[in-house]
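What follows is the content of my_file_3.txt, which has compact mmCIF, C-alpha atoms and all ligand atoms:
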# COMPACT_ATOMS: atom_id res chain seq x y z
CA MET A 1 107.50 98.72 111.62
CA VAL A 2 108.33 95.96 114.10
CA THR A 3 111.76 94.33 113.97
CA PHE A 4 113.46 91.76 116.16
CA SER A 5 116.30 92.88 118.40
CA GLU A 6 119.74 91.45 117.56
CA LYS A 7 119.27 88.86 120.31
CA ALA A 8 115.89 87.76 118.96
CA LYS A 9 117.29 87.66 115.42
CA ALA A 10 119.97 85.24 116.62
CA GLU A 11 117.33 83.10 118.33
CA PHE A 12 115.25 83.16 115.17
CA GLU A 13 118.25 81.86 113.20
CA GLU A 14 118.48 79.00 115.70
CA VAL A 15 114.78 78.22 115.19
CA LEU A 16 115.37 78.06 111.42
CA LYS A 17 118.25 75.66 111.91
CA ARG A 18 116.21 73.42 114.18
CA TYR A 19 113.10 73.51 111.97
CA PRO A 20 114.14 73.73 108.31
CA ASP A 21 110.46 73.29 107.41
CA LYS A 22 108.88 76.78 107.49
CA GLN A 23 105.51 75.56 108.71
CA ALA A 24 107.16 73.74 111.60
CA ALA A 25 109.19 76.87 112.42
CA LEU A 26 106.04 78.98 112.63
CA LEU A 27 105.01 78.03 116.19
CA PRO A 28 108.42 78.66 117.78
CA ALA A 29 108.77 81.83 115.69
CA LEU A 30 105.44 83.13 117.01
CA HIS A 31 106.48 82.19 120.53
CA LEU A 32 109.67 84.17 120.11
CA ALA A 33 107.73 87.11 118.63
CA GLN A 34 105.35 87.09 121.60
CA ARG A 35 108.27 87.20 124.01
CA GLU A 36 109.89 89.98 122.03
CA PHE A 37 106.85 92.19 121.40
CA GLY A 38 104.55 91.19 124.27
CA TYR A 39 101.70 90.16 122.01
CA ILE A 40 100.99 89.12 118.45
CA SER A 41 99.50 92.12 116.68
CA ARG A 42 98.55 92.04 113.02
CA GLU A 43 101.79 93.86 112.28
CA VAL A 44 103.77 91.18 114.14
CA MET A 45 101.96 88.45 112.17
CA ASP A 46 102.94 90.19 108.92
CA TYR A 47 106.52 90.47 110.13
CA VAL A 48 106.72 86.76 111.02
CA ALA A 49 105.15 85.88 107.64
CA SER A 50 107.78 87.93 105.83
CA LEU A 51 110.62 86.37 107.83
CA LEU A 52 109.41 82.84 107.09
CA LYS A 53 108.28 83.69 103.56
CA LEU A 54 104.86 82.25 104.33
CA PRO A 55 101.54 83.69 103.17
CA PRO A 56 100.26 86.12 105.85
CA SER A 57 96.91 84.27 105.85
CA GLU A 58 98.65 81.14 107.07
CA VAL A 59 100.29 83.01 109.94
CA TYR A 60 96.96 84.72 110.89
CA GLY A 61 95.25 81.34 110.87
CA VAL A 62 97.78 79.74 113.21
CA ALA A 63 98.15 82.76 115.53
CA THR A 64 94.39 83.08 115.98
CA PHE A 65 93.82 79.34 116.40
CA TYR A 66 96.11 78.96 119.41
CA THR A 67 95.01 80.67 122.61
CA MET A 68 98.62 80.75 123.87
CA TYR A 69 99.29 83.64 121.50
CA ASN A 70 97.99 86.94 122.82
CA LYS A 71 96.33 89.01 120.17
CA LYS A 72 96.13 92.09 122.38
CA PRO A 73 98.48 93.59 124.97
CA VAL A 74 98.72 91.79 128.30
CA GLY A 75 100.13 92.79 131.67
CA LYS A 76 103.68 92.16 132.81
CA TYR A 77 102.47 88.90 134.39
CA PHE A 78 100.11 86.84 132.27
CA ILE A 79 98.22 84.47 134.57
CA GLN A 80 96.62 81.45 132.93
CA VAL A 81 94.59 79.31 135.29
CA CYS A 82 93.76 75.85 133.99
CA LYS A 83 90.04 75.13 134.25
CA ASN A 84 90.03 71.69 132.70
CA ILE A 85 88.65 68.65 134.49
CA SER A 86 91.44 67.71 136.95
CA CYS A 87 92.09 71.30 137.98
CA SER A 88 88.40 72.03 138.10
CA MET A 89 87.71 69.10 140.42
CA LEU A 90 90.40 70.37 142.77
CA GLY A 91 89.20 73.94 143.06
CA ALA A 92 90.22 75.88 139.92
CA GLU A 93 86.96 77.91 139.98
CA ASP A 94 87.66 79.06 143.54
CA ILE A 95 91.17 80.03 142.54
CA VAL A 96 89.93 82.07 139.58
CA LYS A 97 87.30 83.75 141.74
CA HIS A 98 89.88 84.51 144.40
CA ILE A 99 92.30 86.05 141.89
CA GLU A 100 89.49 88.08 140.35
CA GLU A 101 88.58 89.51 143.74
CA LYS A 102 92.16 90.06 144.79
CA LEU A 103 93.16 91.87 141.59
CA ASN A 104 89.77 93.48 141.07
CA ILE A 105 89.48 92.26 137.49
CA LYS A 106 87.51 89.58 135.67
CA ALA A 107 89.10 86.75 133.69
CA GLY A 108 90.13 88.22 130.34
CA GLU A 109 91.06 91.59 131.86
CA THR A 110 94.25 93.41 132.85
CA THR A 111 94.79 95.40 136.04
CA MET A 112 94.85 99.20 135.71
CA ASP A 113 98.59 99.28 136.40
CA ASN A 114 99.21 96.72 133.60
CA ILE A 115 100.92 94.33 136.01
CA PHE A 116 98.54 91.36 135.81
CA THR A 117 96.34 89.85 133.12
CA LEU A 118 94.12 86.95 134.12
CA THR A 119 92.75 84.32 131.82
CA THR A 120 91.45 80.77 132.06
CA VAL A 121 92.75 78.08 129.75
CA GLU A 122 92.29 74.45 128.83
CA CYS A 123 94.57 71.69 130.13
CA LEU A 124 98.22 72.70 130.35
CA GLY A 125 99.36 69.10 130.60
CA SER A 126 100.11 69.15 134.30
CA CYS A 127 96.97 67.40 135.57
CA GLY A 128 98.93 65.26 138.06
CA THR A 129 99.75 68.39 140.05
CA ALA A 130 96.36 70.07 139.75
CA PRO A 131 95.17 72.67 140.42
CA MET A 132 97.73 74.70 138.56
CA MET A 133 98.36 77.91 136.68
CA GLN A 134 100.99 79.29 134.38
CA ILE A 135 102.39 82.79 134.79
CA ASN A 136 104.47 83.87 131.81
CA ASP A 137 106.72 80.83 131.23
CA ASP A 138 106.49 79.33 134.73
CA TYR A 139 104.16 76.65 136.06
CA TYR A 140 102.78 76.91 139.61
CA GLU A 141 101.35 73.61 140.73
CA GLY A 142 99.47 72.06 143.63
CA LEU A 143 97.89 75.44 144.29
CA SER A 144 95.96 76.52 147.34
CA ILE A 145 94.43 79.94 147.94
CA GLU A 146 97.26 80.72 150.38
CA ARG A 147 99.89 79.79 147.82
CA VAL A 148 98.19 81.91 145.16
CA ASP A 149 98.29 84.85 147.57
CA GLU A 150 101.99 84.29 148.23
CA ILE A 151 102.79 84.12 144.51
CA LEU A 152 100.80 87.22 143.60
CA GLU A 153 102.24 89.21 146.48
CA ARG A 154 105.77 88.22 145.52
CA LEU A 155 105.23 89.22 141.89
CA SER A 156 103.54 92.41 142.91
CA LYS A 157 106.51 93.35 145.10
CA ALA A 158 108.97 92.37 142.36
CA SER A 159 107.25 94.66 139.90
CA SER A 160 107.20 97.64 142.24
CA GLY A 161 110.76 97.22 143.50
S1 LIG B 201 93.45 69.64 133.82
FE1 LIG B 201 94.66 71.25 134.56
S2 LIG B 201 96.64 70.77 133.81
FE2 LIG B 201 95.37 69.23 132.97

Could you take the file, read its structure, and then write that structure out as structure tokens?
Ligand code: FES
Amino acid sequence: MVTFSEKAKAEFEEVLKRYPDKQAALLPALHLAQREFGYISREVMDYVASLLKLPPSEVYGVATFYTMYNKKPVGKYFIQVCKNISCSMLGAEDIVKHIEEKLNIKAGETTMDNIFTLTTVECLGSCGTAPMMQINDDYYEGLSIERVDEILERLSKASSG
């Protein structure tokens, strides 16, 4: 059975204080659960439902509606490249293609060593600095192919050292 660590339990208590309404607390609670467990499995959805005393069906509905919640395991670095209009006009497709070739995976896949997962997403609200991507919680903006290479190489080194 999945259970939050003591640290996550404390953060969950904070979420409840900030959002006394259980429905409103659901999104931050799922976010916390994703950080804690890596992805939102069915078991995690049941756990969050029990913590918030919400019907499991409501939690499944929300978790499956939002693409920001991973329903299956992802790599250590979860790369989300925005492919919406502004990013697309400024080369998002080339960036995705470049990452696919560099990591030898297709969008939606994870590298064999479980370091990187690549996906494409809709607008991340940073159109003014397009093209951009999000890796875990960080935004990388004004991307070029060279900058993408730098970022991936840095993360790759960080994960092996
Ligand atoms: S279109 Fe890419 S962040 Fe909005």

For A:Ser5, work out the shell of residues within 12 Å, counting only C-alpha atoms and skipping chain neighbours fewer than 6 positions away, then give it as an mmCIF file with C-alpha atoms, in the frame of the given file.
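Saved file result-v8.cif follows:
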data_model
loop_
_atom_site.group_PDB
_atom_site.id
_atom_site.type_symbol
_atom_site.label_atom_id
_atom_site.label_comp_id
_atom_site.auth_asym_id
_atom_site.auth_seq_id
_atom_site.Cartn_x
_atom_site.Cartn_y
_atom_site.Cartn_z
ATOM 1 C CA GLU A 11 117.330 83.100 118.330
ATOM 2 C CA PHE A 12 115.250 83.160 115.170
ATOM 3 C CA LEU A 32 109.670 84.170 120.110
ATOM 4 C CA ALA A 33 107.730 87.110 118.630
ATOM 5 C CA ARG A 35 108.270 87.200 124.010
ATOM 6 C CA GLU A 36 109.890 89.980 122.030
ATOM 7 C CA PHE A 37 106.850 92.190 121.400
#

*Which of these residues is nearest to ligand LIG 201 (chain B), using all atoms listed in the file: A:Leu152, A:Glu100, A:Ser88, A:Ser160?*
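Selected residue with least distance to ligand LIG 201 (chain B): A:Ser88.
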
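Each of A:Asn136, A:Ser57, A:Gln23, A:Ser86 was compared to A:Ile115 using all atoms listed in the file, and A:Asn136 turns out to be the nearest.
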
*Site check for ligand LIG 201 (chain B): residues at most 12 Å away, all atoms listed in the file, as an MDAnalysis selection string*: chainID A and resid 80:93 120:134 139:143

*asked:* What's around A:Met68 at 10 Å? Count all atoms listed in the file, leave out sequence neighbours fewer than 2 positions away in its own chain, and write the answer as a ChimeraX atom specification.
replied: /A:30-31,34,63-66,70-71,80,121

*In terms of the shortest atom-to-atom distance over only C-alpha atoms, which of A:Tyr77, A:Asp138, A:Ile99, A:Thr110 is closest to A:Ser156?*
A:Tyr77

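Nearest-residue note for A:Lys76: choosing from A:Ile95, A:Ala107, A:Ile135, A:Met1, the minimum distance belongs to A:Ile135, counting only C-alpha atoms.
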
*Of the candidates A:Val15, A:Pro73, A:Val148, A:Ala10, which one gets nearest to A:Leu52 if we count all atoms listed in the file?*
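Comparing A:Val15, A:Pro73, A:Val148, A:Ala10 against A:Leu52, the winner is A:Val15.
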
_What does the structure give for the distance between atom CA of A:Glu109 and atom CA of A:Val44, in Å to one decimal?_
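Going from atom CA of A:Glu109 over to atom CA of A:Val44 covers 21.8 Å.
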
Output as AutoDock Vina command-line options the centre and edge lengths (Å, one decimal) of the box along x, y and z of the file that holds every listed atom of stretch 67-83 of chain A after adding 6 Å on each side.
--center_x 96.9 --center_y 84.4 --center_z 127.7 --size_x 25.6 --size_y 30.5 --size_z 27.1

_List as JSON, numbers by chain the protein and nucleic acid residues near A:Ile105, meaning an atom at most 9 Å away when all atoms listed in the file are counted, but skip any in the same chain fewer than 6 places from it._
{"A": [99, 111, 112, 117, 118]}

*Looking at only C-alpha atoms, which of A:Leu54, A:Glu153, A:Ile40, A:Lys7 is the one that sits closest to A:Lys102?*
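Smallest distance to A:Lys102 is found for A:Glu153.
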